[in-house]
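What follows is a short report on a single structure.
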Amino acid sequence: MATSRMFQILILTFLHYSSSASILAANSTYNVLSYGAKSDGKSDCTKAFLTAWGAACAYASPATVYVPSGRYLLGNAYFDGSSCKNTDITIQIDGTLVAPSNYNAIGNTGHWLKFEKVTGVSIRGGTLDGQGANLWECKNSGKNCPTGATSVAFLNSNNVKINGMASLNSQMFHIGIDGCRDVSLQNIKISAPENSPNTDGIHVEESSRVSITNSRIATGDDCVSVGPGTFDLWVENITCGPGHGISIGSLGWELNEAGVENVTVKSCMFTGTQNGVRVKTWARPSHGFVRNIHYQHLTMLNAENPIIIDQNYCPHDGNSCPNQSSGVKISDVTYEDIHGTSATEVGVKLECSKTQACRGITLDEVVLRYKDESSTASCDNVVENVAGVVKPLNCSRA
């Protein structure tokens with residue numbers, strides 16, 4: 001009898017805690033539909049999303065903002081983390097977030113979806129549709145147009161994860177990482193037409209410990225662009241094309257600009273891109289630097305400039321580059337096991353600064369072909385030998 005009574009107490013206790021756990025789990029998930037969002041692609045859902053975000057921020061334990069399937073129209077949405085109590089928020093997106101078709105609705109704001117000063121935010125799944133076609137048409141026509149907006153940007157944030165997200169037709173950059181630490185981007189799919197201007201896939205600057213892996217990027221500008229102040233960046237297993245390749249730069253516009261250091265680009269494929277891997281600096285005085293860069297196991301398929309260092313960048317009339325010489329110091333750059341085909345005869349261009357020659361450039365197992373022959377190389381202002389080339393590329397140094 002006592003045993004039976006004890007068993008009943010245990011069952012009741014278990015049911016009590018199970019019920020409490022279920023309520024807690026229910027309370028920690030914030031469905032945007034519960035806050036007035038409509039999945040018709042026409043109703044403005046900005047307020048509903050921000051209200052759901054605010055509720056998750058006020059909850060001090062792990063929480064989820066849930067976006068069910070459907071299309072959700074959003075204007076400029078600012079997800080502020082400065083007063084957020086929660087450092088473990090997951091945004092689970094099963095639907096598509098749609099920007100306004102009228103680009104003036106976002107205009108020159110710079111960001112469509114902006115996360116600032118957040119910690120421990122994860123975005124899982126979902127599609128962002130930036131609806132940038134009308135703005136691209138305006139820009140390509142030479143008219144006076146708004147600059148447009150990055151589709152999703154993280155600013156001054158830590159411990160950010162984005163996994164399985166797709167971004168289509170962004171007005172400008174698709175994903176921006178600025179002033180962040182410990183960021184992981186995995187299984188990202190980015191798509192925009194080849195002629196879409198300034199639609200960089202993923203842009204990173206003033207950030208450290210960032211990894212970009214297992215992603216497919218097809219766009220009208222750089223697949224991945226790296227700005228000043230970037231340290232400890234890992235890029236692996238990226239399929240790039242169309243686009244302008246993976247670029248460090250443009251650097252050196254400011255005199256006291258921060259440098260770029262410890263970057264690895266590994267096991268990537270470039271198909272029909274304007275460049276493969278590029279380092280680009282303005283032909284202006286600067287105290288910046290690029291050092292400890294590793295390019296490994298890359299495949300080029302008809303890339304126009306598979307390997308390029310361009311320290312003579314000055315795309316306008318030259319007035320912005322008064323001395324025509326870059327002050328950015330480039331050193332310790334390794335190109336290892338880079339093979340495939342070049343769309344141009346010169347597969348390797350190392351055009352270094354007249355006043356700050358490149359140092360410590362190593363090419364190891366670089367085998368590039370142009371049509372049925374080996375490609376050639378052009379090297380200017382490389383003060384040390386270009387060492388370790390398995391297949392000589394006839395590189396002359398000025």
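Residue names in the structure tokens use chain letters A, B, ... in the order shown, residue numbers from 1 in each chain, and ligand numbers from 1 in the order shown.
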Please identify all polymer residues within 10 Å of region 226-231 of chain A, counting only C-alpha atoms, omitting same-chain residues fewer than 5 positions from it, and present them as a PDB file with N, CA and C atoms, in the first residue's frame.
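Contents of the output file around_36.pdb:
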ATOM      1  N   ILE A 177      29.045  41.661 -42.368  1.00  0.00           N
ATOM      2  CA  ILE A 177      29.563  41.401 -41.022  1.00  0.00           C
ATOM      3  C   ILE A 177      30.550  42.519 -40.712  1.00  0.00           C
ATOM      4  N   ASP A 178      30.227  43.380 -39.746  1.00  0.00           N
ATOM      5  CA  ASP A 178      31.021  44.585 -39.488  1.00  0.00           C
ATOM      6  C   ASP A 178      31.187  44.773 -37.978  1.00  0.00           C
ATOM      7  N   GLY A 179      32.436  44.757 -37.543  1.00  0.00           N
ATOM      8  CA  GLY A 179      32.709  44.971 -36.127  1.00  0.00           C
ATOM      9  C   GLY A 179      32.284  43.816 -35.247  1.00  0.00           C
ATOM     10  N   CYS A 180      32.376  42.597 -35.758  1.00  0.00           N
ATOM     11  CA  CYS A 180      31.864  41.423 -35.041  1.00  0.00           C
ATOM     12  C   CYS A 180      32.993  40.473 -34.635  1.00  0.00           C
ATOM     13  N   ARG A 181      32.675  39.589 -33.686  1.00  0.00           N
ATOM     14  CA  ARG A 181      33.606  38.562 -33.231  1.00  0.00           C
ATOM     15  C   ARG A 181      32.880  37.226 -33.174  1.00  0.00           C
ATOM     16  N   ILE A 202      29.067  38.072 -49.476  1.00  0.00           N
ATOM     17  CA  ILE A 202      29.314  38.227 -48.048  1.00  0.00           C
ATOM     18  C   ILE A 202      30.464  39.205 -47.881  1.00  0.00           C
ATOM     19  N   HIS A 203      30.230  40.275 -47.133  1.00  0.00           N
ATOM     20  CA  HIS A 203      31.264  41.271 -46.896  1.00  0.00           C
ATOM     21  C   HIS A 203      31.634  41.265 -45.422  1.00  0.00           C
ATOM     22  N   VAL A 204      32.960  41.209 -45.148  1.00  0.00           N
ATOM     23  CA  VAL A 204      33.463  41.155 -43.780  1.00  0.00           C
ATOM     24  C   VAL A 204      34.453  42.298 -43.582  1.00  0.00           C
ATOM     25  N   GLU A 205      34.290  43.073 -42.512  1.00  0.00           N
ATOM     26  CA  GLU A 205      35.286  44.079 -42.162  1.00  0.00           C
ATOM     27  C   GLU A 205      35.270  44.339 -40.662  1.00  0.00           C
ATOM     28  N   GLU A 206      36.428  44.805 -40.170  1.00  0.00           N
ATOM     29  CA  GLU A 206      36.585  45.125 -38.746  1.00  0.00           C
ATOM     30  C   GLU A 206      36.103  43.975 -37.862  1.00  0.00           C
ATOM     31  N   SER A 207      36.348  42.748 -38.300  1.00  0.00           N
ATOM     32  CA  SER A 207      35.830  41.575 -37.584  1.00  0.00           C
ATOM     33  C   SER A 207      36.921  40.518 -37.443  1.00  0.00           C
ATOM     34  N   SER A 208      36.748  39.630 -36.464  1.00  0.00           N
ATOM     35  CA  SER A 208      37.721  38.564 -36.245  1.00  0.00           C
ATOM     36  C   SER A 208      37.012  37.257 -35.922  1.00  0.00           C
ATOM     37  N   ARG A 209      37.740  36.158 -36.189  1.00  0.00           N
ATOM     38  CA  ARG A 209      37.232  34.804 -35.959  1.00  0.00           C
ATOM     39  C   ARG A 209      35.900  34.598 -36.684  1.00  0.00           C
ATOM     40  N   VAL A 210      35.971  34.776 -37.984  1.00  0.00           N
ATOM     41  CA  VAL A 210      34.805  34.586 -38.855  1.00  0.00           C
ATOM     42  C   VAL A 210      35.084  33.396 -39.762  1.00  0.00           C
ATOM     43  N   ILE A 246      36.931  36.028 -54.867  1.00  0.00           N
ATOM     44  CA  ILE A 246      37.109  36.296 -53.442  1.00  0.00           C
ATOM     45  C   ILE A 246      38.195  37.355 -53.323  1.00  0.00           C
ATOM     46  N   SER A 247      37.828  38.517 -52.780  1.00  0.00           N
ATOM     47  CA  SER A 247      38.714  39.679 -52.821  1.00  0.00           C
ATOM     48  C   SER A 247      39.027  40.216 -51.435  1.00  0.00           C
ATOM     49  N   ILE A 248      40.311  40.483 -51.208  1.00  0.00           N
ATOM     50  CA  ILE A 248      40.734  41.295 -50.080  1.00  0.00           C
ATOM     51  C   ILE A 248      40.894  42.714 -50.616  1.00  0.00           C
ATOM     52  N   GLY A 249      40.077  43.631 -50.136  1.00  0.00           N
ATOM     53  CA  GLY A 249      40.108  45.001 -50.637  1.00  0.00           C
ATOM     54  C   GLY A 249      38.775  45.392 -51.250  1.00  0.00           C
ATOM     55  N   SER A 250      38.668  46.672 -51.609  1.00  0.00           N
ATOM     56  CA  SER A 250      39.771  47.620 -51.790  1.00  0.00           C
ATOM     57  C   SER A 250      40.252  48.162 -50.445  1.00  0.00           C
ATOM     58  N   LEU A 251      41.591  48.200 -50.279  1.00  0.00           N
ATOM     59  CA  LEU A 251      42.190  48.679 -49.047  1.00  0.00           C
ATOM     60  C   LEU A 251      42.997  49.943 -49.326  1.00  0.00           C
ATOM     61  N   GLY A 252      43.284  50.689 -48.261  1.00  0.00           N
ATOM     62  CA  GLY A 252      44.204  51.805 -48.374  1.00  0.00           C
ATOM     63  C   GLY A 252      43.602  53.121 -48.784  1.00  0.00           C
ATOM     64  N   TRP A 253      42.290  53.276 -48.677  1.00  0.00           N
ATOM     65  CA  TRP A 253      41.708  54.577 -48.982  1.00  0.00           C
ATOM     66  C   TRP A 253      42.064  55.589 -47.894  1.00  0.00           C
ATOM     67  N   GLU A 254      42.047  55.132 -46.634  1.00  0.00           N
ATOM     68  CA  GLU A 254      42.400  55.993 -45.514  1.00  0.00           C
ATOM     69  C   GLU A 254      43.890  55.855 -45.191  1.00  0.00           C
ATOM     70  N   GLU A 257      44.427  53.382 -42.024  1.00  0.00           N
ATOM     71  CA  GLU A 257      43.446  52.289 -42.099  1.00  0.00           C
ATOM     72  C   GLU A 257      43.993  51.018 -41.458  1.00  0.00           C
ATOM     73  N   ALA A 258      43.117  50.246 -40.823  1.00  0.00           N
ATOM     74  CA  ALA A 258      43.503  48.963 -40.222  1.00  0.00           C
ATOM     75  C   ALA A 258      43.846  47.949 -41.312  1.00  0.00           C
ATOM     76  N   GLY A 259      44.674  46.976 -40.962  1.00  0.00           N
ATOM     77  CA  GLY A 259      45.118  45.978 -41.934  1.00  0.00           C
ATOM     78  C   GLY A 259      44.260  44.734 -41.947  1.00  0.00           C
ATOM     79  N   VAL A 260      44.722  43.750 -42.743  1.00  0.00           N
ATOM     80  CA  VAL A 260      44.062  42.444 -42.861  1.00  0.00           C
ATOM     81  C   VAL A 260      45.122  41.379 -42.595  1.00  0.00           C
ATOM     82  N   GLU A 261      44.792  40.408 -41.725  1.00  0.00           N
ATOM     83  CA  GLU A 261      45.799  39.437 -41.310  1.00  0.00           C
ATOM     84  C   GLU A 261      45.159  38.083 -41.019  1.00  0.00           C
ATOM     85  N   ASN A 262      45.914  37.015 -41.313  1.00  0.00           N
ATOM     86  CA  ASN A 262      45.501  35.637 -41.012  1.00  0.00           C
ATOM     87  C   ASN A 262      44.194  35.272 -41.725  1.00  0.00           C
ATOM     88  N   VAL A 263      44.280  35.160 -43.034  1.00  0.00           N
ATOM     89  CA  VAL A 263      43.136  34.776 -43.860  1.00  0.00           C
ATOM     90  C   VAL A 263      43.474  33.484 -44.586  1.00  0.00           C
ATOM     91  N   VAL A 279      43.905  40.472 -54.269  1.00  0.00           N
ATOM     92  CA  VAL A 279      44.198  41.479 -53.258  1.00  0.00           C
ATOM     93  C   VAL A 279      44.248  42.815 -53.991  1.00  0.00           C
ATOM     94  N   GLY A 288      48.397  50.877 -44.043  1.00  0.00           N
ATOM     95  CA  GLY A 288      47.752  49.578 -43.904  1.00  0.00           C
ATOM     96  C   GLY A 288      48.663  48.426 -44.289  1.00  0.00           C
ATOM     97  N   PHE A 289      48.145  47.203 -44.117  1.00  0.00           N
ATOM     98  CA  PHE A 289      48.936  46.010 -44.455  1.00  0.00           C
ATOM     99  C   PHE A 289      48.012  44.841 -44.779  1.00  0.00           C
ATOM    100  N   VAL A 290      48.581  43.880 -45.506  1.00  0.00           N
ATOM    101  CA  VAL A 290      47.951  42.582 -45.749  1.00  0.00           C
ATOM    102  C   VAL A 290      49.040  41.543 -45.516  1.00  0.00           C
ATOM    103  N   ARG A 291      48.822  40.618 -44.567  1.00  0.00           N
ATOM    104  CA  ARG A 291      49.887  39.661 -44.283  1.00  0.00           C
ATOM    105  C   ARG A 291      49.319  38.339 -43.771  1.00  0.00           C
ATOM    106  N   ASN A 292      50.124  37.317 -43.977  1.00  0.00           N
ATOM    107  CA  ASN A 292      49.781  35.956 -43.543  1.00  0.00           C
ATOM    108  C   ASN A 292      48.469  35.494 -44.189  1.00  0.00           C
TER     109      ASN A 292
END
Checklist entry - How would you write, as an MDAnalysis selection string, the set of residues in region 171-202 of chain A that DSSP gives as strand (DSSP E or B)? => result chainID A and resid 175:178 181:186 189:191 202
For the residues in the current selection, export N, CA and C atoms as a PDB file, in the first residue's frame.
ATOM      1  N   ILE A 175      25.003  39.834 -47.396  1.00  0.00           N
ATOM      2  CA  ILE A 175      25.256  39.660 -45.967  1.00  0.00           C
ATOM      3  C   ILE A 175      26.448  40.534 -45.588  1.00  0.00           C
ATOM      4  N   GLY A 176      26.295  41.321 -44.528  1.00  0.00           N
ATOM      5  CA  GLY A 176      27.381  42.155 -44.049  1.00  0.00           C
ATOM      6  C   GLY A 176      27.748  41.814 -42.619  1.00  0.00           C
ATOM      7  N   ILE A 177      29.045  41.661 -42.368  1.00  0.00           N
ATOM      8  CA  ILE A 177      29.563  41.401 -41.022  1.00  0.00           C
ATOM      9  C   ILE A 177      30.550  42.519 -40.712  1.00  0.00           C
ATOM     10  N   ASP A 178      30.227  43.380 -39.746  1.00  0.00           N
ATOM     11  CA  ASP A 178      31.021  44.585 -39.488  1.00  0.00           C
ATOM     12  C   ASP A 178      31.187  44.773 -37.978  1.00  0.00           C
ATOM     13  N   ARG A 181      32.675  39.589 -33.686  1.00  0.00           N
ATOM     14  CA  ARG A 181      33.606  38.562 -33.231  1.00  0.00           C
ATOM     15  C   ARG A 181      32.880  37.226 -33.174  1.00  0.00           C
ATOM     16  N   ASP A 182      33.578  36.171 -33.580  1.00  0.00           N
ATOM     17  CA  ASP A 182      33.049  34.804 -33.501  1.00  0.00           C
ATOM     18  C   ASP A 182      31.751  34.656 -34.290  1.00  0.00           C
ATOM     19  N   VAL A 183      31.918  34.606 -35.612  1.00  0.00           N
ATOM     20  CA  VAL A 183      30.779  34.507 -36.525  1.00  0.00           C
ATOM     21  C   VAL A 183      30.952  33.270 -37.394  1.00  0.00           C
ATOM     22  N   SER A 184      29.896  32.490 -37.530  1.00  0.00           N
ATOM     23  CA  SER A 184      29.914  31.297 -38.371  1.00  0.00           C
ATOM     24  C   SER A 184      28.792  31.379 -39.398  1.00  0.00           C
ATOM     25  N   LEU A 185      29.159  31.253 -40.676  1.00  0.00           N
ATOM     26  CA  LEU A 185      28.172  31.212 -41.755  1.00  0.00           C
ATOM     27  C   LEU A 185      28.354  29.895 -42.500  1.00  0.00           C
ATOM     28  N   GLN A 186      27.306  29.068 -42.519  1.00  0.00           N
ATOM     29  CA  GLN A 186      27.371  27.752 -43.138  1.00  0.00           C
ATOM     30  C   GLN A 186      26.181  27.527 -44.068  1.00  0.00           C
ATOM     31  N   LYS A 189      23.225  30.066 -49.463  1.00  0.00           N
ATOM     32  CA  LYS A 189      23.006  30.121 -50.909  1.00  0.00           C
ATOM     33  C   LYS A 189      22.673  31.556 -51.289  1.00  0.00           C
ATOM     34  N   ILE A 190      23.507  32.120 -52.164  1.00  0.00           N
ATOM     35  CA  ILE A 190      23.334  33.507 -52.574  1.00  0.00           C
ATOM     36  C   ILE A 190      23.206  33.563 -54.085  1.00  0.00           C
ATOM     37  N   SER A 191      22.208  34.317 -54.552  1.00  0.00           N
ATOM     38  CA  SER A 191      21.957  34.361 -55.989  1.00  0.00           C
ATOM     39  C   SER A 191      21.509  35.742 -56.422  1.00  0.00           C
ATOM     40  N   ILE A 202      29.067  38.072 -49.476  1.00  0.00           N
ATOM     41  CA  ILE A 202      29.314  38.227 -48.048  1.00  0.00           C
ATOM     42  C   ILE A 202      30.464  39.205 -47.881  1.00  0.00           C
TER      43      ILE A 202
END
Item to check | Contacts of region 64-78 of chain A at 8 Å (only C-alpha atoms; same-chain gap of 4+ positions) as a ChimeraX atom specification | outcome: /A:28-33,37-46,50,52-53,56,89-100,105-106,111-116
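Proximity of A:Thr264, A:Thr341, A:Ser101, A:Ser211 to Asn305 (chain A), computed with only C-alpha atoms, is greatest for A:Thr341.
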Item to check | Contacts of Ala192 (chain A) within 9 Å, only C-alpha atoms, excl. fewer than 4 positions in-chain, as a PyMOL selection string | outcome: chain A and resi 132+167-170+196+199+201+217-220+242
Item to check | Filtered DSSP result for region 120-261 of chain A, state helix (DSSP H, G or I), as a list in words | outcome: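 Output for region 120-261 of chain A, helix (DSSP H, G or I) only: Ala133, Asn134, Leu135, Trp136, Glu137, Cys138, Lys139 and Asn140 of chain A.
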May I have the residues from that selection written out with C-alpha atoms, as a PDB file, in the first residue's frame?
ATOM      1  CA  ALA A 133      16.012  44.379 -59.870  1.00  0.00           C
ATOM      2  CA  ASN A 134      14.421  47.831 -60.132  1.00  0.00           C
ATOM      3  CA  LEU A 135      17.336  49.474 -58.317  1.00  0.00           C
ATOM      4  CA  TRP A 136      19.909  47.660 -60.495  1.00  0.00           C
ATOM      5  CA  GLU A 137      18.110  48.896 -63.597  1.00  0.00           C
ATOM      6  CA  CYS A 138      18.243  52.446 -62.235  1.00  0.00           C
ATOM      7  CA  LYS A 139      21.972  52.172 -61.466  1.00  0.00           C
ATOM      8  CA  ASN A 140      22.853  50.554 -64.788  1.00  0.00           C
TER       9      ASN A 140
END
Next on the checklist: Could you tell me how far CA of Asp332 (chain A) sits from CA of Gly241 (chain A), in Å to one decimal place?
Outcome noted: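 Distance reported for this atom pair: 27.1 Å.
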Checklist entry - Which is closest to Tyr335 (chain A) among A:Glu236, A:Glu365, A:Asp222, A:Asp80, if we use only C-alpha atoms? => result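 Among the listed residues, the smallest separation from Tyr335 (chain A) belongs to A:Glu365.
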Checklist entry - Which residue, A:Arg359, A:His294, A:His287, A:Lys354, has the smallest gap to Val328 (chain A) when you use only C-alpha atoms? => result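 Nearest candidate to Val328 (chain A) out of A:Arg359, A:His294, A:His287, A:Lys354: A:His287.
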Closest-contact table, region 271-295 of chain A side, partner region 343-347 of chain A, 10 Å, counting only C-alpha atoms, as a tab-separated table:
residue	atom	partner	partner_atom	distance
A:Gly272	CA	A:Ala343	CA	8.1
A:Thr273	CA	A:Ala343	CA	9.2
A:Gln274	CA	A:Ala343	CA	9.1
A:Asn275	CA	A:Ala343	CA	9.8
A:Gly276	CA	A:Gly347	CA	9.7
Checklist entry - Which polymer residues have any atom within 10 Å of an atom of Gly340 (chain A), counting only C-alpha atoms, with same-chain residues fewer than 6 positions away left out, as a list in words? => result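 Surrounding residues, per the criterion: Met269, Phe270, Leu298, Thr299, Met300, Leu301, Asn302, Ala303, Pro306, Val366, Val367, Leu368, Arg369 and Tyr370 of chain A.
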Export of prior selection with N, CA and C atoms as a PDB file, in the first residue's frame:
ATOM      1  N   MET A 269      35.964  26.630 -55.526  1.00  0.00           N
ATOM      2  CA  MET A 269      35.897  26.529 -56.982  1.00  0.00           C
ATOM      3  C   MET A 269      35.366  27.829 -57.554  1.00  0.00           C
ATOM      4  N   PHE A 270      36.037  28.321 -58.615  1.00  0.00           N
ATOM      5  CA  PHE A 270      35.661  29.565 -59.276  1.00  0.00           C
ATOM      6  C   PHE A 270      35.311  29.251 -60.728  1.00  0.00           C
ATOM      7  N   LEU A 298      42.653  25.300 -54.718  1.00  0.00           N
ATOM      8  CA  LEU A 298      41.618  26.044 -55.425  1.00  0.00           C
ATOM      9  C   LEU A 298      41.532  25.578 -56.865  1.00  0.00           C
ATOM     10  N   THR A 299      40.309  25.537 -57.393  1.00  0.00           N
ATOM     11  CA  THR A 299      40.078  25.156 -58.790  1.00  0.00           C
ATOM     12  C   THR A 299      39.529  26.351 -59.548  1.00  0.00           C
ATOM     13  N   MET A 300      40.192  26.668 -60.679  1.00  0.00           N
ATOM     14  CA  MET A 300      39.762  27.760 -61.545  1.00  0.00           C
ATOM     15  C   MET A 300      39.212  27.165 -62.849  1.00  0.00           C
ATOM     16  N   LEU A 301      37.994  27.535 -63.189  1.00  0.00           N
ATOM     17  CA  LEU A 301      37.382  27.096 -64.435  1.00  0.00           C
ATOM     18  C   LEU A 301      37.041  28.329 -65.263  1.00  0.00           C
ATOM     19  N   ASN A 302      37.954  28.661 -66.173  1.00  0.00           N
ATOM     20  CA  ASN A 302      37.758  29.803 -67.075  1.00  0.00           C
ATOM     21  C   ASN A 302      37.623  31.122 -66.307  1.00  0.00           C
ATOM     22  N   ALA A 303      38.417  31.277 -65.269  1.00  0.00           N
ATOM     23  CA  ALA A 303      38.458  32.541 -64.537  1.00  0.00           C
ATOM     24  C   ALA A 303      39.349  33.527 -65.291  1.00  0.00           C
ATOM     25  N   PRO A 306      42.904  34.405 -62.505  1.00  0.00           N
ATOM     26  CA  PRO A 306      42.874  33.427 -61.414  1.00  0.00           C
ATOM     27  C   PRO A 306      43.611  33.890 -60.150  1.00  0.00           C
ATOM     28  N   VAL A 366      51.253  25.665 -58.615  1.00  0.00           N
ATOM     29  CA  VAL A 366      50.320  26.497 -59.377  1.00  0.00           C
ATOM     30  C   VAL A 366      50.397  26.057 -60.833  1.00  0.00           C
ATOM     31  N   VAL A 367      49.328  25.437 -61.305  1.00  0.00           N
ATOM     32  CA  VAL A 367      49.288  24.893 -62.670  1.00  0.00           C
ATOM     33  C   VAL A 367      48.026  25.403 -63.342  1.00  0.00           C
ATOM     34  N   LEU A 368      48.170  26.420 -64.166  1.00  0.00           N
ATOM     35  CA  LEU A 368      47.041  27.040 -64.856  1.00  0.00           C
ATOM     36  C   LEU A 368      47.273  26.987 -66.356  1.00  0.00           C
ATOM     37  N   ARG A 369      46.197  26.705 -67.080  1.00  0.00           N
ATOM     38  CA  ARG A 369      46.314  26.600 -68.532  1.00  0.00           C
ATOM     39  C   ARG A 369      45.410  27.625 -69.211  1.00  0.00           C
ATOM     40  N   TYR A 370      45.923  28.142 -70.321  1.00  0.00           N
ATOM     41  CA  TYR A 370      45.148  29.035 -71.171  1.00  0.00           C
ATOM     42  C   TYR A 370      45.032  28.370 -72.538  1.00  0.00           C
TER      43      TYR A 370
END
Item to check | Separation of CA of Cys84 (chain A) from CA of Lys161 (chain A), in Å and rounded to one decimal | outcome: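 Taking CA of Cys84 (chain A) and CA of Lys161 (chain A), their separation equals 17.3 Å.
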Checklist entry - Taking into account only C-alpha atoms, which residue in the set A:Thr355, A:Pro197, A:Glu336, A:Ala377 is nearest to Ser141 (chain A)? => result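 So, comparing all the options, the nearest one is A:Pro197.
For the pair CA of Phe49 (chain A) and CA of Gln171 (chain A), the separation is 21.1 Å.
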